[in-house]
There are 2 protein chains.
Amino acid sequence: MRLFICGFGTVGQGFAEVLESRKAFFEQRYGTQPVIVGIMDSKTYAVDEKGLDPLAMVERKGTTRKVGDREYTDSVKVLDSVDYDLLVEVSPTDIKTGGVGLINITHALETGKDVITVNKGPLALKFQELIALAKANRCKFRFEGSVGGAMPIINLCRENLMGEEIQSVRGILNGTCNFILSKMDKGQPFEQALREAQEMGYAETDPTNDIEGYDTACKVVILANSVFGRNVTFSDVKITGITSITEEAISMAASRNMVIRLIGEVSETALEVSPRLIPKGHPLALTGTLNIAQITTDLAGPVTVSGRGAGRKETASAILSDLISIMDERL
Amino acid sequence: MRLFICGFGTVGQGFAEVLESRKAFFEQRYGTQPVIVGIMDSKTYAVDEKGLDPLAMVERKGTTRKVGDREYTDSVKVLDSVDYDLLVEVSPTDIKTGGVGLINITHALETGKDVITVNKGPLALKFQELIALAKANRCKFRFEGSVGGAMPIINLCRENLMGEEIQSVRGILNGTCNFILSKMDKGQPFEQALREAQEMGYAETDPTNDIEGYDTACKVVILANSVFGRNVTFSDVKITGITSITEEAISMAASRNMVIRLIGEVSETALEVSPRLIPKGHPLALTGTLNIAQITTDLAGPVTVSGRGAGRKETASAILSDLISIMDERL
């Protein structure tokens, strides 16, 4: 299995490290190792048919800020410059246009490559088109890490709960917002809680995507399309973020033994992101940066799952899980 | 796919009903229906190569208390009396000898049949022997519903989390005990809480297996063998039940902002069932009859799952999930 990794930031590097750490696992399970034959970051790339050394590439990126010594302008030409079987697309997400991620995934599928991605933009904008493309070209296309990071949710719904009629999925799908709301529960004003989230590295310098609910909305779209078979995109989601939640609202909720949480909800008809009042003690009254999802089914009843929604090795672990599924199917 | 159902109590009947309710699903996914060619309860049986009507059999069992009009003494002869592909073994569990369930599963595997079971006795006593038998005869052998009912746990660990090093699984795996402990939190003495559990149908007339921790111990053994690849049986588990938990202990815990919960824990080295002090607000401080499991992994970190640990359609849903996996592999 020859891999091309597009995007070599935290997640791409984490995945390279995880691949290295699982050498014995792959050897035992498949008698062979996946090989990285290409990596590109936003400006440079490196390719080697015989395989790049994952840890050396991480080291190089860390010291030079560049993964390769060749620069490129057209990512598609880079992809075409080496034979590979599977694209791992983990470049920065662009929820307006889908960005280079959409271009790379589309090209990979068109040329018959399997794809694993955690890139929410392309999935939130062109889900059904990408699924159709994968089907037409008989490619595997998986994206477990795009929702909930290391929390199993997409494959759980589509595989383990395959025989269920899933009625709804509701959850906390953005750890940054939940960190901020948890801090506000303790009396911090929004701005201070946001600043702390930024200092801790949970929120980006421009926190818009998180706090306006856009990130959660992307995940809701991915769940709607992948779990409920709907055909919706980002613009179909009714979105309210957390920026207008006041200290007064938080204390009013507390006086009724409730907390406010940013909940994404999807069902056959619902497609919404909004702050909601949740009773203390309820599973969705979760505190901190974890993600959680409540899946309501007709036979199994409610199934709840929680886990780390982000993180270097956590997101890499979701990619690994998809990779193993694809390699198993090739056995 | 021709099924033989052994055991036609709540779970067997629930599974028959679920099969019927999923006709359209099977038709769409496989272009064919699984057919029940045989059912036996503890004394009688019915076989029909062309297929038994699931709902008629449930009706018959309800009105006559017998699933068939033929009586039997040797279940193995009954199994051999009809061609089938897969045994669904859901007869009452016997955690001392494995009972008729062990005999049926062993015979089915020896004769090359796939097996799905939720019967804890055989799994807790002869796990590695049964796995070896399945392997030698190239049979599929699945048992998702034996731990946590409708809560996905075994397949979650073995499939979704396949690439992880799972370090431990800790959880509440018996809803009856948790119901009793939740009532005791509110000031009820043990005997009264147990009586209420019996009145609600959560506890059996002889509640020993639940309250002494034996049921949880069986589940811990199944997890140890299936998730951690250990080779342990029921007698290897260090077991303390909940019968000696006093009202004083509960209020002492409450004064420290803790609750007492019966926790099963398994890892490479641990194999234990015991009441433990859990801080209020901790996921394992769960109230009511749900099951919950915390899975600790090296990459994904902690993954927590909860769901209904028992129930007619809930347990049937776990069997359905295993059946779909097996039918998918035959595609």
# chains A, B, ... in the order shown; residues from 1 in each chain; ligands from 1
>>> closest_atom_pairs(of="chain A", to="chain B", cutoff="8 Å", atoms="only C-alpha atoms", output="CSV")
residue,atom,partner,partner_atom,distance
A:Arg22,CA,B:Gly163,CA,7.8
A:Phe25,CA,B:Gly163,CA,7.6
A:Ala150,CA,B:Ala300,CA,5.1
A:Met151,CA,B:Val303,CA,6.5
A:Pro152,CA,B:Asn160,CA,7.2
A:Asn155,CA,B:Asn160,CA,7.3
A:Leu156,CA,B:Asn160,CA,7.5
A:Asn160,CA,B:Ser321,CA,6.2
A:Leu161,CA,B:Ser321,CA,6.6
A:Met162,CA,B:Ser321,CA,6.9
A:Gly163,CA,B:Ser321,CA,6.1
A:Glu164,CA,B:Ser317,CA,7.5
A:Gly281,CA,B:Gly281,CA,7.0
A:Leu299,CA,B:Glu314,CA,5.5
A:Ala300,CA,B:Glu314,CA,4.5
A:Gly301,CA,B:Arg308,CA,6.9
A:Pro302,CA,B:Gly307,CA,6.0
A:Val303,CA,B:Gly307,CA,4.7
A:Thr304,CA,B:Ser306,CA,5.1
A:Val305,CA,B:Val305,CA,4.3
A:Ser306,CA,B:Thr304,CA,5.1
A:Gly307,CA,B:Val303,CA,4.7
A:Arg308,CA,B:Gly301,CA,6.9
A:Lys313,CA,B:Leu299,CA,5.5
A:Glu314,CA,B:Ala300,CA,4.5
A:Thr315,CA,B:Ala300,CA,7.6
A:Ala316,CA,B:Leu299,CA,7.9
A:Ser317,CA,B:Leu299,CA,5.8
A:Ala318,CA,B:Ala300,CA,7.6
A:Leu320,CA,B:Gly163,CA,6.6
A:Ser321,CA,B:Gly163,CA,6.1
A:Ile324,CA,B:Gly163,CA,7.2
>>> calpha_fit_and_write(fixed="chain B", moving="chain A", output="short mmCIF file (atom, residue, chain, number, x, y, z; two decimals) with C-alpha atoms, in the first residue's frame")
data_model
loop_
_atom_site.label_atom_id
_atom_site.label_comp_id
_atom_site.auth_asym_id
_atom_site.auth_seq_id
_atom_site.Cartn_x
_atom_site.Cartn_y
_atom_site.Cartn_z
CA MET A 1 -28.52 -17.77 5.05
CA ARG A 2 -30.35 -20.47 7.02
CA LEU A 3 -30.53 -19.85 10.77
CA PHE A 4 -31.14 -22.19 13.68
CA ILE A 5 -32.20 -20.44 16.88
CA CYS A 6 -31.47 -22.25 20.15
CA GLY A 7 -33.33 -20.68 23.04
CA PHE A 8 -36.69 -19.03 22.49
CA GLY A 9 -37.17 -16.85 25.54
CA THR A 10 -37.07 -13.08 25.51
CA VAL A 11 -33.93 -12.77 23.40
CA GLY A 12 -34.76 -15.52 20.90
CA GLN A 13 -38.24 -14.15 20.36
CA GLY A 14 -36.92 -10.61 20.16
CA PHE A 15 -34.47 -11.68 17.49
CA ALA A 16 -37.20 -13.42 15.48
CA GLU A 17 -39.23 -10.20 15.59
CA VAL A 18 -36.23 -8.11 14.59
CA LEU A 19 -35.50 -10.39 11.62
CA GLU A 20 -39.07 -9.89 10.44
CA SER A 21 -38.83 -6.12 10.90
CA ARG A 22 -35.67 -5.98 8.78
CA LYS A 23 -37.03 -7.77 5.69
CA ALA A 24 -36.71 -4.71 3.50
CA PHE A 25 -33.20 -4.05 4.79
CA PHE A 26 -32.00 -7.58 3.96
CA GLU A 27 -33.71 -7.49 0.58
CA GLN A 28 -32.01 -4.23 -0.32
CA ARG A 29 -28.57 -5.14 1.00
CA TYR A 30 -28.32 -8.78 -0.04
CA GLY A 31 -31.22 -9.38 -2.42
CA THR A 32 -32.27 -12.22 -0.10
CA GLN A 33 -33.62 -12.92 3.39
CA PRO A 34 -32.12 -14.95 6.20
CA VAL A 35 -34.49 -17.86 6.84
CA ILE A 36 -35.14 -19.53 10.20
CA VAL A 37 -35.06 -23.28 9.49
CA GLY A 38 -35.11 -24.40 13.11
CA ILE A 39 -35.96 -23.17 16.59
CA MET A 40 -35.70 -25.01 19.87
CA ASP A 41 -36.68 -23.99 23.37
CA SER A 42 -35.77 -25.98 26.48
CA LYS A 43 -38.08 -28.90 25.65
CA THR A 44 -39.54 -28.66 22.17
CA TYR A 45 -38.48 -27.78 18.66
CA ALA A 46 -39.72 -26.96 15.20
CA VAL A 47 -37.82 -27.34 11.95
CA ASP A 48 -38.73 -26.48 8.37
CA GLU A 49 -36.26 -26.37 5.53
CA LYS A 50 -38.45 -23.87 3.71
CA GLY A 51 -38.42 -21.51 6.67
CA LEU A 52 -40.51 -20.94 9.77
CA ASP A 53 -42.64 -17.82 10.05
CA PRO A 54 -40.92 -15.76 12.79
CA LEU A 55 -44.02 -13.99 14.07
CA ALA A 56 -46.13 -17.17 14.01
CA MET A 57 -43.48 -18.88 16.13
CA VAL A 58 -43.46 -16.02 18.64
CA GLU A 59 -47.27 -16.18 18.76
CA ARG A 60 -47.23 -19.94 19.25
CA LYS A 61 -44.66 -19.73 22.03
CA GLY A 62 -46.73 -17.01 23.71
CA THR A 63 -49.97 -18.99 23.68
CA THR A 64 -48.74 -22.59 24.20
CA ARG A 65 -45.40 -21.93 26.03
CA LYS A 66 -43.89 -24.29 23.46
CA VAL A 67 -42.18 -23.32 20.23
CA GLY A 68 -42.76 -26.68 18.57
CA ASP A 69 -44.91 -29.78 18.88
CA ARG A 70 -41.98 -32.16 18.92
CA GLU A 71 -40.16 -32.83 22.18
CA TYR A 72 -36.47 -33.68 22.37
CA THR A 73 -33.89 -34.87 24.84
CA ASP A 74 -30.73 -34.47 22.75
CA SER A 75 -30.29 -30.96 21.32
CA VAL A 76 -27.43 -32.10 19.08
CA LYS A 77 -29.73 -34.53 17.25
CA VAL A 78 -32.17 -31.70 16.71
CA LEU A 79 -29.44 -29.49 15.26
CA ASP A 80 -28.43 -32.32 12.93
CA SER A 81 -32.00 -32.83 11.74
CA VAL A 82 -31.97 -29.87 9.36
CA ASP A 83 -29.47 -28.10 7.10
CA TYR A 84 -28.50 -24.68 8.45
CA ASP A 85 -25.64 -22.22 8.05
CA LEU A 86 -25.61 -20.29 11.30
CA LEU A 87 -26.56 -21.05 14.89
CA VAL A 88 -28.01 -18.26 17.02
CA GLU A 89 -27.39 -19.59 20.54
CA VAL A 90 -29.46 -17.68 23.08
CA SER A 91 -30.48 -20.37 25.55
CA PRO A 92 -30.35 -19.54 29.29
CA THR A 93 -26.80 -19.13 30.51
CA ASP A 94 -25.17 -21.62 32.87
CA ILE A 95 -22.01 -20.19 34.36
CA LYS A 96 -21.11 -23.37 36.22
CA THR A 97 -20.92 -25.88 33.36
CA GLY A 98 -21.72 -23.89 30.21
CA GLY A 99 -24.89 -25.98 29.97
CA VAL A 100 -26.68 -26.86 26.77
CA GLY A 101 -25.38 -23.65 25.22
CA LEU A 102 -21.82 -24.95 25.34
CA ILE A 103 -22.91 -28.27 23.84
CA ASN A 104 -24.82 -26.56 21.03
CA ILE A 105 -22.08 -24.07 20.16
CA THR A 106 -19.40 -26.76 20.22
CA HIS A 107 -21.44 -29.03 17.98
CA ALA A 108 -22.31 -26.28 15.54
CA LEU A 109 -18.66 -25.23 15.18
CA GLU A 110 -17.52 -28.85 14.85
CA THR A 111 -19.95 -29.31 11.98
CA GLY A 112 -18.80 -26.15 10.21
CA LYS A 113 -21.60 -23.76 11.13
CA ASP A 114 -21.15 -20.08 11.92
CA VAL A 115 -22.27 -19.12 15.42
CA ILE A 116 -23.64 -15.97 17.04
CA THR A 117 -24.28 -16.10 20.76
CA VAL A 118 -25.05 -13.86 23.71
CA ASN A 119 -24.72 -16.82 26.08
CA LYS A 120 -22.09 -15.79 28.61
CA GLY A 121 -21.55 -19.20 30.28
CA PRO A 122 -19.81 -20.96 27.39
CA LEU A 123 -17.76 -17.85 26.62
CA ALA A 124 -16.67 -17.36 30.23
CA LEU A 125 -15.69 -21.01 30.64
CA LYS A 126 -14.32 -22.19 27.29
CA PHE A 127 -13.46 -19.10 25.30
CA GLN A 128 -10.12 -20.06 23.79
CA GLU A 129 -11.31 -23.62 23.07
CA LEU A 130 -14.32 -22.26 21.16
CA ILE A 131 -12.20 -19.74 19.25
CA ALA A 132 -9.77 -22.50 18.30
CA LEU A 133 -12.64 -24.72 17.19
CA ALA A 134 -14.11 -21.94 15.07
CA LYS A 135 -10.73 -21.31 13.48
CA ALA A 136 -10.06 -24.98 12.80
CA ASN A 137 -13.45 -25.32 11.10
CA ARG A 138 -13.27 -21.92 9.37
CA CYS A 139 -16.42 -20.74 11.06
CA LYS A 140 -17.39 -17.22 12.00
CA PHE A 141 -18.02 -16.87 15.72
CA ARG A 142 -19.39 -13.62 17.10
CA PHE A 143 -20.80 -12.57 20.47
CA GLU A 144 -21.26 -8.77 20.58
CA GLY A 145 -24.43 -9.03 22.70
CA SER A 146 -22.75 -11.07 25.44
CA VAL A 147 -21.23 -7.92 26.95
CA GLY A 148 -23.19 -4.70 27.32
CA GLY A 149 -26.24 -5.81 25.32
CA ALA A 150 -26.92 -3.10 22.76
CA MET A 151 -23.89 -1.08 23.84
CA PRO A 152 -21.23 -1.60 21.14
CA ILE A 153 -18.08 -2.80 22.88
CA ILE A 154 -16.51 -6.02 21.58
CA ASN A 155 -16.73 -5.20 17.88
CA LEU A 156 -15.87 -1.57 18.67
CA CYS A 157 -12.61 -2.65 20.33
CA ARG A 158 -11.78 -5.37 17.81
CA GLU A 159 -12.71 -3.51 14.64
CA ASN A 160 -13.00 0.26 15.01
CA LEU A 161 -10.11 0.43 17.49
CA MET A 162 -8.10 -2.38 15.86
CA GLY A 163 -4.98 -0.23 15.42
CA GLU A 164 -4.93 0.93 19.03
CA GLU A 165 -3.09 -0.58 21.93
CA ILE A 166 -6.01 -0.96 24.30
CA GLN A 167 -4.67 -0.50 27.78
CA SER A 168 -7.77 -1.14 29.85
CA VAL A 169 -11.54 -1.42 29.78
CA ARG A 170 -13.44 -0.40 32.90
CA GLY A 171 -17.15 -0.25 33.13
CA ILE A 172 -20.57 -0.81 34.56
CA LEU A 173 -21.64 -4.04 32.87
CA ASN A 174 -24.67 -5.04 34.94
CA GLY A 175 -27.74 -2.81 34.87
CA THR A 176 -29.42 -4.60 37.77
CA CYS A 177 -26.62 -3.78 40.21
CA ASN A 178 -26.50 -0.23 38.96
CA PHE A 179 -30.24 0.17 39.42
CA ILE A 180 -29.91 -1.07 43.01
CA LEU A 181 -26.92 1.17 43.77
CA SER A 182 -28.69 4.17 42.22
CA LYS A 183 -31.68 3.53 44.50
CA MET A 184 -29.36 3.18 47.49
CA ASP A 185 -27.88 6.61 46.59
CA LYS A 186 -31.35 7.97 47.32
CA GLY A 187 -31.44 6.38 50.77
CA GLN A 188 -33.07 3.00 50.12
CA PRO A 189 -31.58 0.04 51.97
CA PHE A 190 -30.18 -2.79 49.83
CA GLU A 191 -33.06 -5.22 50.42
CA GLN A 192 -35.70 -2.68 49.42
CA ALA A 193 -33.77 -1.62 46.33
CA LEU A 194 -33.38 -5.27 45.31
CA ARG A 195 -37.10 -5.89 45.80
CA GLU A 196 -37.89 -2.91 43.61
CA ALA A 197 -35.50 -4.20 40.94
CA GLN A 198 -37.33 -7.53 41.03
CA GLU A 199 -40.73 -5.83 40.78
CA MET A 200 -39.52 -3.83 37.78
CA GLY A 201 -38.30 -7.03 36.11
CA TYR A 202 -34.63 -5.93 36.23
CA ALA A 203 -33.62 -8.62 38.75
CA GLU A 204 -34.52 -12.29 38.64
CA THR A 205 -36.22 -14.20 41.47
CA ASP A 206 -32.80 -15.60 42.30
CA PRO A 207 -30.66 -12.48 41.92
CA THR A 208 -27.37 -14.20 42.88
CA ASN A 209 -25.66 -13.94 39.49
CA ASP A 210 -26.26 -10.21 39.34
CA ILE A 211 -25.69 -9.05 42.91
CA GLU A 212 -22.74 -11.32 43.67
CA GLY A 213 -20.97 -9.89 40.60
CA TYR A 214 -20.91 -13.22 38.70
CA ASP A 215 -22.63 -11.77 35.64
CA THR A 216 -20.17 -8.88 35.50
CA ALA A 217 -17.32 -11.37 35.99
CA CYS A 218 -18.42 -13.36 32.94
CA LYS A 219 -18.36 -10.19 30.88
CA VAL A 220 -14.92 -9.25 32.19
CA VAL A 221 -13.66 -12.70 31.14
CA ILE A 222 -15.15 -12.29 27.65
CA LEU A 223 -13.48 -8.88 27.26
CA ALA A 224 -10.14 -10.19 28.57
CA ASN A 225 -10.15 -13.03 26.05
CA SER A 226 -11.60 -11.23 23.06
CA VAL A 227 -10.06 -7.77 23.39
CA PHE A 228 -6.80 -8.47 25.23
CA GLY A 229 -6.14 -11.92 23.78
CA ARG A 230 -5.78 -13.38 27.23
CA ASN A 231 -6.63 -16.97 28.16
CA VAL A 232 -8.69 -16.70 31.33
CA THR A 233 -11.89 -18.20 32.64
CA PHE A 234 -14.50 -17.32 35.22
CA SER A 235 -12.50 -18.74 38.13
CA ASP A 236 -9.60 -16.37 37.41
CA VAL A 237 -11.65 -13.26 38.24
CA LYS A 238 -11.32 -11.55 41.60
CA ILE A 239 -14.99 -10.94 42.41
CA THR A 240 -16.71 -8.85 45.07
CA GLY A 241 -20.44 -8.27 44.69
CA ILE A 242 -22.70 -5.58 46.11
CA THR A 243 -24.48 -7.56 48.85
CA SER A 244 -22.38 -6.23 51.69
CA ILE A 245 -22.70 -2.56 50.75
CA THR A 246 -24.40 -0.84 53.66
CA GLU A 247 -26.43 2.36 53.84
CA GLU A 248 -23.58 3.70 55.98
CA ALA A 249 -21.03 3.06 53.22
CA ILE A 250 -23.27 4.83 50.70
CA SER A 251 -23.72 7.89 52.91
CA MET A 252 -20.04 7.97 53.79
CA ALA A 253 -19.29 8.03 50.05
CA ALA A 254 -21.92 10.73 49.49
CA SER A 255 -20.34 12.90 52.20
CA ARG A 256 -17.14 12.80 50.13
CA ASN A 257 -19.13 13.64 46.96
CA MET A 258 -18.75 10.08 45.69
CA VAL A 259 -20.99 7.19 44.77
CA ILE A 260 -20.37 3.45 44.91
CA ARG A 261 -20.58 1.56 41.61
CA LEU A 262 -19.88 -2.07 40.72
CA ILE A 263 -16.97 -1.82 38.27
CA GLY A 264 -15.58 -4.54 36.06
CA GLU A 265 -11.99 -3.90 35.06
CA VAL A 266 -9.79 -5.73 32.61
CA SER A 267 -6.33 -5.08 31.22
CA GLU A 268 -3.22 -7.12 30.43
CA THR A 269 -2.91 -7.81 34.14
CA ALA A 270 -6.19 -6.79 35.83
CA LEU A 271 -9.26 -9.04 35.97
CA GLU A 272 -11.55 -7.81 38.67
CA VAL A 273 -15.11 -7.03 39.67
CA SER A 274 -15.60 -4.87 42.74
CA PRO A 275 -17.60 -1.98 44.17
CA ARG A 276 -15.59 1.23 43.84
CA LEU A 277 -15.84 4.80 44.94
CA ILE A 278 -16.52 7.02 41.92
CA PRO A 279 -16.59 10.84 42.12
CA LYS A 280 -19.97 12.35 41.27
CA GLY A 281 -19.81 13.85 37.77
CA HIS A 282 -17.43 11.12 36.55
CA PRO A 283 -18.84 9.17 33.56
CA LEU A 284 -18.79 5.94 35.62
CA ALA A 285 -20.99 7.60 38.26
CA LEU A 286 -23.87 6.70 35.92
CA THR A 287 -27.34 6.38 37.41
CA GLY A 288 -29.97 3.81 36.35
CA THR A 289 -29.84 0.65 34.25
CA LEU A 290 -27.57 1.73 31.38
CA ASN A 291 -24.21 0.06 30.83
CA ILE A 292 -21.06 2.09 30.23
CA ALA A 293 -17.48 1.25 29.35
CA GLN A 294 -14.34 3.37 29.33
CA ILE A 295 -11.74 2.10 26.92
CA THR A 296 -8.23 3.50 27.41
CA THR A 297 -6.06 3.47 24.29
CA ASP A 298 -2.58 4.71 23.44
CA LEU A 299 -3.48 6.85 20.41
CA ALA A 300 -7.17 7.73 20.64
CA GLY A 301 -6.93 8.29 24.40
CA PRO A 302 -10.04 7.46 26.38
CA VAL A 303 -13.11 6.35 24.42
CA THR A 304 -16.33 5.99 26.37
CA VAL A 305 -19.47 4.25 25.19
CA SER A 306 -22.80 3.65 26.86
CA GLY A 307 -26.08 2.00 25.97
CA ARG A 308 -28.76 -0.39 27.12
CA GLY A 309 -27.21 -3.51 28.61
CA ALA A 310 -30.29 -5.70 28.26
CA GLY A 311 -33.77 -5.87 26.80
CA ARG A 312 -35.69 -7.85 24.20
CA LYS A 313 -35.04 -5.79 21.10
CA GLU A 314 -31.78 -4.32 22.44
CA THR A 315 -30.05 -7.69 22.76
CA ALA A 316 -31.59 -8.77 19.47
CA SER A 317 -30.04 -5.68 17.91
CA ALA A 318 -26.56 -6.86 18.93
CA ILE A 319 -27.25 -10.24 17.31
CA LEU A 320 -28.47 -8.46 14.19
CA SER A 321 -25.25 -6.46 14.09
CA ASP A 322 -23.20 -9.69 14.21
CA LEU A 323 -25.42 -11.29 11.57
CA ILE A 324 -24.91 -8.37 9.20
CA SER A 325 -21.13 -8.56 9.68
CA ILE A 326 -21.16 -12.26 8.81
CA MET A 327 -23.44 -11.78 5.81
CA ASP A 328 -21.25 -8.89 4.61
CA GLU A 329 -18.19 -11.13 4.72
CA ARG A 330 -20.00 -13.64 2.51
CA LEU A 331 -20.81 -11.00 -0.12
#
>>> select_by_dssp(residues="stretch 115-211 of chain A", states="strand (DSSP E or B)", output="ChimeraX atom specification")
/A:115-117,141-142,166-172
>>> select_by_dssp(residues="stretch 30-170 of chain A", states="alpha helix (DSSP H)", output="MDAnalysis selection string")
chainID A and resid 30 54:64 75:80 99:110 120:136 154:155
